[in-house]
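> Would you mind keeping the following structure in view while I ask a few things?
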Amino acid sequence: MVGTFAPDGYYREAAGPQAVHRGEAELRSFFAALFSAGGGVSLRPCVITDDGVRCAIEYNCVRWGGRELPPQAGLCVCERGPDGLLAAVREYDDLEPPD
């Protein structure tokens with residue numbers, strides 16, 4: 001996951017600007033915690049809009065680690081840098097992770 005980001009790229013959680021993870025070390029720590037529940041997060045994409053630089057993905061989260069979830073809607077906006085790597089990922093959702 002971390003390798004898809006530009007060196008100064010960031011991921012902003014839905015919690016807002018105080019929940020930004022920037023650079024390799026912060027991204028690695030964030031994703032390690034996110035995926036610590038026994039695996040990845042399963043998202044079912046609904047609609048994708050891409051202009052070649054920015055991509056908006058509407059999705060339903062249906063699984064977190066080893067636990068199935070009732071579908072929870074969200075939106076993610078990704079912005080590519082000139083090298084094609086992710087410069088920014090901004091998440092907009094109200095997901096409830098499993099306990």
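Identifiers for the structure tokens are assigned positionally: chains receive A, B, ... in sequence, residues are indexed from 1 per chain, and ligands are indexed from 1 in the order shown.
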Find the residues near A:Val2: any atom within 12 Å, counting only C-alpha atoms, skip ones fewer than 4 places away on the same chain, and give them as a PDB file with all heavy atoms, in the first residue's frame.

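This is the output file around-v9.pdb:
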```pdb
ATOM      1  N   ALA A   6       3.240   8.784  -3.351  1.00  0.00           N
ATOM      2  CA  ALA A   6       4.425   9.620  -3.587  1.00  0.00           C
ATOM      3  C   ALA A   6       5.132   9.808  -2.246  1.00  0.00           C
ATOM      4  O   ALA A   6       4.505   9.668  -1.187  1.00  0.00           O
ATOM      5  CB  ALA A   6       4.001  10.979  -4.163  1.00  0.00           C
ATOM      6  N   PRO A   7       6.435  10.131  -2.253  1.00  0.00           N
ATOM      7  CA  PRO A   7       7.161  10.285  -0.988  1.00  0.00           C
ATOM      8  C   PRO A   7       6.504  11.246   0.011  1.00  0.00           C
ATOM      9  O   PRO A   7       6.550  11.016   1.210  1.00  0.00           O
ATOM     10  CB  PRO A   7       8.530  10.806  -1.423  1.00  0.00           C
ATOM     11  CG  PRO A   7       8.695  10.293  -2.817  1.00  0.00           C
ATOM     12  CD  PRO A   7       7.307  10.306  -3.409  1.00  0.00           C
ATOM     13  N   ASP A   8       5.866  12.295  -0.464  1.00  0.00           N
ATOM     14  CA  ASP A   8       5.193  13.238   0.437  1.00  0.00           C
ATOM     15  C   ASP A   8       3.673  13.082   0.391  1.00  0.00           C
ATOM     16  O   ASP A   8       2.933  13.942   0.853  1.00  0.00           O
ATOM     17  CB  ASP A   8       5.583  14.676   0.104  1.00  0.00           C
ATOM     18  CG  ASP A   8       5.184  15.074  -1.314  1.00  0.00           C
ATOM     19  OD1 ASP A   8       4.904  14.170  -2.131  1.00  0.00           O
ATOM     20  OD2 ASP A   8       5.148  16.274  -1.610  1.00  0.00           O
ATOM     21  N   GLY A   9       3.202  11.957  -0.161  1.00  0.00           N
ATOM     22  CA  GLY A   9       1.769  11.705  -0.262  1.00  0.00           C
ATOM     23  C   GLY A   9       1.133  11.516   1.105  1.00  0.00           C
ATOM     24  O   GLY A   9       1.807  11.224   2.091  1.00  0.00           O
ATOM     25  N   TYR A  10      -0.187  11.689   1.154  1.00  0.00           N
ATOM     26  CA  TYR A  10      -0.872  11.541   2.428  1.00  0.00           C
ATOM     27  C   TYR A  10      -2.224  10.867   2.268  1.00  0.00           C
ATOM     28  O   TYR A  10      -2.801  10.819   1.183  1.00  0.00           O
ATOM     29  CB  TYR A  10      -1.049  12.897   3.125  1.00  0.00           C
ATOM     30  CG  TYR A  10      -2.055  13.819   2.468  1.00  0.00           C
ATOM     31  CD1 TYR A  10      -3.404  13.777   2.812  1.00  0.00           C
ATOM     32  CD2 TYR A  10      -1.648  14.747   1.513  1.00  0.00           C
ATOM     33  CE1 TYR A  10      -4.316  14.630   2.220  1.00  0.00           C
ATOM     34  CE2 TYR A  10      -2.560  15.596   0.919  1.00  0.00           C
ATOM     35  CZ  TYR A  10      -3.895  15.539   1.274  1.00  0.00           C
ATOM     36  OH  TYR A  10      -4.796  16.373   0.677  1.00  0.00           O
ATOM     37  N   TYR A  11      -2.702  10.342   3.388  1.00  0.00           N
ATOM     38  CA  TYR A  11      -4.019   9.734   3.499  1.00  0.00           C
ATOM     39  C   TYR A  11      -4.746  10.467   4.615  1.00  0.00           C
ATOM     40  O   TYR A  11      -4.243  10.539   5.739  1.00  0.00           O
ATOM     41  CB  TYR A  11      -3.878   8.252   3.868  1.00  0.00           C
ATOM     42  CG  TYR A  11      -5.172   7.481   3.836  1.00  0.00           C
ATOM     43  CD1 TYR A  11      -5.455   6.630   2.787  1.00  0.00           C
ATOM     44  CD2 TYR A  11      -6.104   7.590   4.863  1.00  0.00           C
ATOM     45  CE1 TYR A  11      -6.635   5.911   2.754  1.00  0.00           C
ATOM     46  CE2 TYR A  11      -7.285   6.881   4.835  1.00  0.00           C
ATOM     47  CZ  TYR A  11      -7.543   6.037   3.781  1.00  0.00           C
ATOM     48  OH  TYR A  11      -8.719   5.333   3.749  1.00  0.00           O
ATOM     49  N   HIS A  21      -2.167  11.171   7.629  1.00  0.00           N
ATOM     50  CA  HIS A  21      -0.976  10.331   7.713  1.00  0.00           C
ATOM     51  C   HIS A  21      -0.133  10.649   6.481  1.00  0.00           C
ATOM     52  O   HIS A  21      -0.523  10.339   5.360  1.00  0.00           O
ATOM     53  CB  HIS A  21      -1.374   8.858   7.754  1.00  0.00           C
ATOM     54  CG  HIS A  21      -2.450   8.612   8.773  1.00  0.00           C
ATOM     55  ND1 HIS A  21      -2.193   8.497  10.120  1.00  0.00           N
ATOM     56  CD2 HIS A  21      -3.803   8.514   8.638  1.00  0.00           C
ATOM     57  CE1 HIS A  21      -3.323   8.320  10.764  1.00  0.00           C
ATOM     58  NE2 HIS A  21      -4.318   8.324   9.890  1.00  0.00           N
ATOM     59  N   ARG A  22       1.028  11.281   6.694  1.00  0.00           N
ATOM     60  CA  ARG A  22       1.849  11.782   5.588  1.00  0.00           C
ATOM     61  C   ARG A  22       3.231  11.134   5.627  1.00  0.00           C
ATOM     62  O   ARG A  22       3.850  11.026   6.671  1.00  0.00           O
ATOM     63  CB  ARG A  22       1.990  13.292   5.684  1.00  0.00           C
ATOM     64  CG  ARG A  22       2.734  13.912   4.524  1.00  0.00           C
ATOM     65  CD  ARG A  22       2.870  15.429   4.672  1.00  0.00           C
ATOM     66  NE  ARG A  22       1.592  16.103   4.833  1.00  0.00           N
ATOM     67  CZ  ARG A  22       0.793  16.474   3.816  1.00  0.00           C
ATOM     68  NH1 ARG A  22       1.155  16.238   2.573  1.00  0.00           N
ATOM     69  NH2 ARG A  22      -0.338  17.099   4.058  1.00  0.00           N
ATOM     70  N   GLY A  23       3.698  10.732   4.453  1.00  0.00           N
ATOM     71  CA  GLY A  23       5.036  10.161   4.334  1.00  0.00           C
ATOM     72  C   GLY A  23       5.059   8.678   4.671  1.00  0.00           C
ATOM     73  O   GLY A  23       4.123   8.129   5.255  1.00  0.00           O
ATOM     74  N   GLU A  24       6.152   8.033   4.302  1.00  0.00           N
ATOM     75  CA  GLU A  24       6.252   6.573   4.398  1.00  0.00           C
ATOM     76  C   GLU A  24       6.032   6.046   5.817  1.00  0.00           C
ATOM     77  O   GLU A  24       5.266   5.108   6.028  1.00  0.00           O
ATOM     78  CB  GLU A  24       7.608   6.112   3.874  1.00  0.00           C
ATOM     79  CG  GLU A  24       7.745   4.607   3.876  1.00  0.00           C
ATOM     80  CD  GLU A  24       9.055   4.115   3.309  1.00  0.00           C
ATOM     81  OE1 GLU A  24       9.751   4.889   2.616  1.00  0.00           O
ATOM     82  OE2 GLU A  24       9.383   2.946   3.554  1.00  0.00           O
ATOM     83  N   ALA A  25       6.695   6.607   6.812  1.00  0.00           N
ATOM     84  CA  ALA A  25       6.597   6.083   8.183  1.00  0.00           C
ATOM     85  C   ALA A  25       5.174   6.186   8.730  1.00  0.00           C
ATOM     86  O   ALA A  25       4.646   5.224   9.305  1.00  0.00           O
ATOM     87  CB  ALA A  25       7.581   6.802   9.100  1.00  0.00           C
ATOM     88  N   GLU A  26       4.540   7.348   8.561  1.00  0.00           N
ATOM     89  CA  GLU A  26       3.181   7.521   9.074  1.00  0.00           C
ATOM     90  C   GLU A  26       2.193   6.632   8.330  1.00  0.00           C
ATOM     91  O   GLU A  26       1.282   6.054   8.943  1.00  0.00           O
ATOM     92  CB  GLU A  26       2.748   8.981   8.978  1.00  0.00           C
ATOM     93  CG  GLU A  26       3.416   9.876   9.986  1.00  0.00           C
ATOM     94  CD  GLU A  26       2.892  11.301   9.937  1.00  0.00           C
ATOM     95  OE1 GLU A  26       1.752  11.535   9.484  1.00  0.00           O
ATOM     96  OE2 GLU A  26       3.640  12.204  10.362  1.00  0.00           O
ATOM     97  N   LEU A  27       2.343   6.529   7.009  1.00  0.00           N
ATOM     98  CA  LEU A  27       1.447   5.675   6.228  1.00  0.00           C
ATOM     99  C   LEU A  27       1.612   4.215   6.632  1.00  0.00           C
ATOM    100  O   LEU A  27       0.622   3.496   6.806  1.00  0.00           O
ATOM    101  CB  LEU A  27       1.705   5.850   4.731  1.00  0.00           C
ATOM    102  CG  LEU A  27       1.241   7.177   4.141  1.00  0.00           C
ATOM    103  CD1 LEU A  27       1.835   7.369   2.749  1.00  0.00           C
ATOM    104  CD2 LEU A  27      -0.283   7.238   4.084  1.00  0.00           C
ATOM    105  N   ARG A  28       2.846   3.760   6.793  1.00  0.00           N
ATOM    106  CA  ARG A  28       3.095   2.367   7.175  1.00  0.00           C
ATOM    107  C   ARG A  28       2.447   2.064   8.531  1.00  0.00           C
ATOM    108  O   ARG A  28       1.784   1.046   8.703  1.00  0.00           O
ATOM    109  CB  ARG A  28       4.594   2.088   7.219  1.00  0.00           C
ATOM    110  CG  ARG A  28       4.935   0.623   7.406  1.00  0.00           C
ATOM    111  CD  ARG A  28       6.405   0.335   7.215  1.00  0.00           C
ATOM    112  NE  ARG A  28       6.950   0.812   5.967  1.00  0.00           N
ATOM    113  CZ  ARG A  28       6.749   0.288   4.770  1.00  0.00           C
ATOM    114  NH1 ARG A  28       5.963  -0.756   4.651  1.00  0.00           N
ATOM    115  NH2 ARG A  28       7.304   0.786   3.690  1.00  0.00           N
ATOM    116  N   SER A  29       2.597   2.954   9.482  1.00  0.00           N
ATOM    117  CA  SER A  29       2.004   2.768  10.804  1.00  0.00           C
ATOM    118  C   SER A  29       0.474   2.748  10.724  1.00  0.00           C
ATOM    119  O   SER A  29      -0.189   1.905  11.343  1.00  0.00           O
ATOM    120  CB  SER A  29       2.478   3.887  11.729  1.00  0.00           C
ATOM    121  OG  SER A  29       1.868   3.779  12.977  1.00  0.00           O
ATOM    122  N   PHE A  30      -0.093   3.672   9.955  1.00  0.00           N
ATOM    123  CA  PHE A  30      -1.546   3.741   9.801  1.00  0.00           C
ATOM    124  C   PHE A  30      -2.097   2.463   9.180  1.00  0.00           C
ATOM    125  O   PHE A  30      -3.044   1.863   9.702  1.00  0.00           O
ATOM    126  CB  PHE A  30      -1.925   4.953   8.939  1.00  0.00           C
ATOM    127  CG  PHE A  30      -3.360   4.951   8.499  1.00  0.00           C
ATOM    128  CD1 PHE A  30      -4.384   5.126   9.412  1.00  0.00           C
ATOM    129  CD2 PHE A  30      -3.684   4.769   7.170  1.00  0.00           C
ATOM    130  CE1 PHE A  30      -5.716   5.123   9.006  1.00  0.00           C
ATOM    131  CE2 PHE A  30      -5.006   4.762   6.754  1.00  0.00           C
ATOM    132  CZ  PHE A  30      -6.024   4.939   7.676  1.00  0.00           C
ATOM    133  N   PHE A  31      -1.509   2.018   8.070  1.00  0.00           N
ATOM    134  CA  PHE A  31      -2.025   0.821   7.399  1.00  0.00           C
ATOM    135  C   PHE A  31      -1.805  -0.433   8.235  1.00  0.00           C
ATOM    136  O   PHE A  31      -2.646  -1.340   8.228  1.00  0.00           O
ATOM    137  CB  PHE A  31      -1.413   0.672   6.004  1.00  0.00           C
ATOM    138  CG  PHE A  31      -1.962   1.656   5.009  1.00  0.00           C
ATOM    139  CD1 PHE A  31      -1.120   2.510   4.331  1.00  0.00           C
ATOM    140  CD2 PHE A  31      -3.318   1.746   4.758  1.00  0.00           C
ATOM    141  CE1 PHE A  31      -1.617   3.431   3.418  1.00  0.00           C
ATOM    142  CE2 PHE A  31      -3.836   2.656   3.861  1.00  0.00           C
ATOM    143  CZ  PHE A  31      -2.980   3.500   3.182  1.00  0.00           C
ATOM    144  N   ALA A  32      -0.710  -0.515   8.985  1.00  0.00           N
ATOM    145  CA  ALA A  32      -0.484  -1.663   9.868  1.00  0.00           C
ATOM    146  C   ALA A  32      -1.598  -1.757  10.906  1.00  0.00           C
ATOM    147  O   ALA A  32      -2.132  -2.837  11.171  1.00  0.00           O
ATOM    148  CB  ALA A  32       0.881  -1.562  10.545  1.00  0.00           C
ATOM    149  N   LEU A  85       1.938   8.352  -8.933  1.00  0.00           N
ATOM    150  CA  LEU A  85       1.750   7.868  -7.570  1.00  0.00           C
ATOM    151  C   LEU A  85       0.718   8.734  -6.847  1.00  0.00           C
ATOM    152  O   LEU A  85       0.437   9.855  -7.264  1.00  0.00           O
ATOM    153  CB  LEU A  85       3.081   7.896  -6.816  1.00  0.00           C
ATOM    154  CG  LEU A  85       4.156   6.951  -7.342  1.00  0.00           C
ATOM    155  CD1 LEU A  85       5.476   7.171  -6.616  1.00  0.00           C
ATOM    156  CD2 LEU A  85       3.713   5.494  -7.209  1.00  0.00           C
ATOM    157  N   LEU A  86       0.170   8.201  -5.771  1.00  0.00           N
ATOM    158  CA  LEU A  86      -0.860   8.925  -5.032  1.00  0.00           C
ATOM    159  C   LEU A  86      -0.262  10.097  -4.265  1.00  0.00           C
ATOM    160  O   LEU A  86       0.617   9.922  -3.429  1.00  0.00           O
ATOM    161  CB  LEU A  86      -1.571   7.984  -4.061  1.00  0.00           C
ATOM    162  CG  LEU A  86      -2.402   6.894  -4.711  1.00  0.00           C
ATOM    163  CD1 LEU A  86      -2.869   5.883  -3.665  1.00  0.00           C
ATOM    164  CD2 LEU A  86      -3.580   7.487  -5.455  1.00  0.00           C
ATOM    165  N   ALA A  87      -0.745  11.280  -4.564  1.00  0.00           N
ATOM    166  CA  ALA A  87      -0.339  12.485  -3.841  1.00  0.00           C
ATOM    167  C   ALA A  87      -1.245  12.693  -2.632  1.00  0.00           C
ATOM    168  O   ALA A  87      -0.814  13.195  -1.600  1.00  0.00           O
ATOM    169  CB  ALA A  87      -0.396  13.700  -4.753  1.00  0.00           C
ATOM    170  N   VAL A  89      -5.043  10.968  -0.686  1.00  0.00           N
ATOM    171  CA  VAL A  89      -6.248  10.140  -0.599  1.00  0.00           C
ATOM    172  C   VAL A  89      -7.070  10.742   0.527  1.00  0.00           C
ATOM    173  O   VAL A  89      -6.588  10.902   1.650  1.00  0.00           O
ATOM    174  CB  VAL A  89      -5.924   8.659  -0.307  1.00  0.00           C
ATOM    175  CG1 VAL A  89      -7.202   7.866  -0.094  1.00  0.00           C
ATOM    176  CG2 VAL A  89      -5.100   8.055  -1.436  1.00  0.00           C
TER     177      VAL A  89
END
```
> Which of chain A counts as helix (DSSP H, G or I) under DSSP, as a PyMOL selection string please?
chain A and resi 2-4+23-34
> Output C-alpha atoms of each residue in that selection to a file, as an mmCIF file, in the first residue's frame.

```cif
data_model
loop_
_atom_site.group_PDB
_atom_site.id
_atom_site.type_symbol
_atom_site.label_atom_id
_atom_site.label_comp_id
_atom_site.auth_asym_id
_atom_site.auth_seq_id
_atom_site.Cartn_x
_atom_site.Cartn_y
_atom_site.Cartn_z
ATOM 1 C CA VAL A 2 2.687 2.478 1.026
ATOM 2 C CA GLY A 3 4.513 2.035 -2.295
ATOM 3 C CA THR A 4 1.525 3.457 -4.192
ATOM 4 C CA GLY A 23 5.036 10.161 4.334
ATOM 5 C CA GLU A 24 6.252 6.573 4.398
ATOM 6 C CA ALA A 25 6.597 6.083 8.183
ATOM 7 C CA GLU A 26 3.181 7.521 9.074
ATOM 8 C CA LEU A 27 1.447 5.675 6.228
ATOM 9 C CA ARG A 28 3.095 2.367 7.175
ATOM 10 C CA SER A 29 2.004 2.768 10.804
ATOM 11 C CA PHE A 30 -1.546 3.741 9.801
ATOM 12 C CA PHE A 31 -2.025 0.821 7.399
ATOM 13 C CA ALA A 32 -0.484 -1.663 9.868
ATOM 14 C CA ALA A 33 -3.067 -0.626 12.464
ATOM 15 C CA LEU A 34 -5.906 -0.562 9.920
#
```
> Which polymer residues have any atom within 10 Å of an atom of stretch 45-58 of chain A, counting only C-alpha atoms, with same-chain residues fewer than 2 positions away left out, as a list in words?
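That gives Ser42, Leu43, Asn60, Cys61, Ala73, Gly74, Leu75, Cys76, Val77, Cys78, Glu79, Arg80, Gly81, Pro82, Gly84, Leu86, Ala87, Ala88, Val89, Arg90, Glu91, Tyr92 and Asp93 of chain A.
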> Excluding same-chain residues fewer than 2 positions from A:Ala15, what lies within 10 Å of it counting only C-alpha atoms, as a list of chain:residue names?
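Listing them by chain and then by number gives A:Arg12, A:Glu13, A:Pro17, A:Gln18, A:Ala19, A:Val20, A:Glu91, A:Tyr92, A:Asp93, A:Asp94.
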> Please provide as a list in words all residues within 12 Å of A:Gly66, with the sequence filter that same-chain residues fewer than 5 positions apart are discarded (counting only C-alpha atoms).
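What passes the distance filter is Phe35, Ser36, Ala37, Gly38, Gly39, Gly40, Val41, Ser42, Pro97, Pro98 and Asp99 of chain A.
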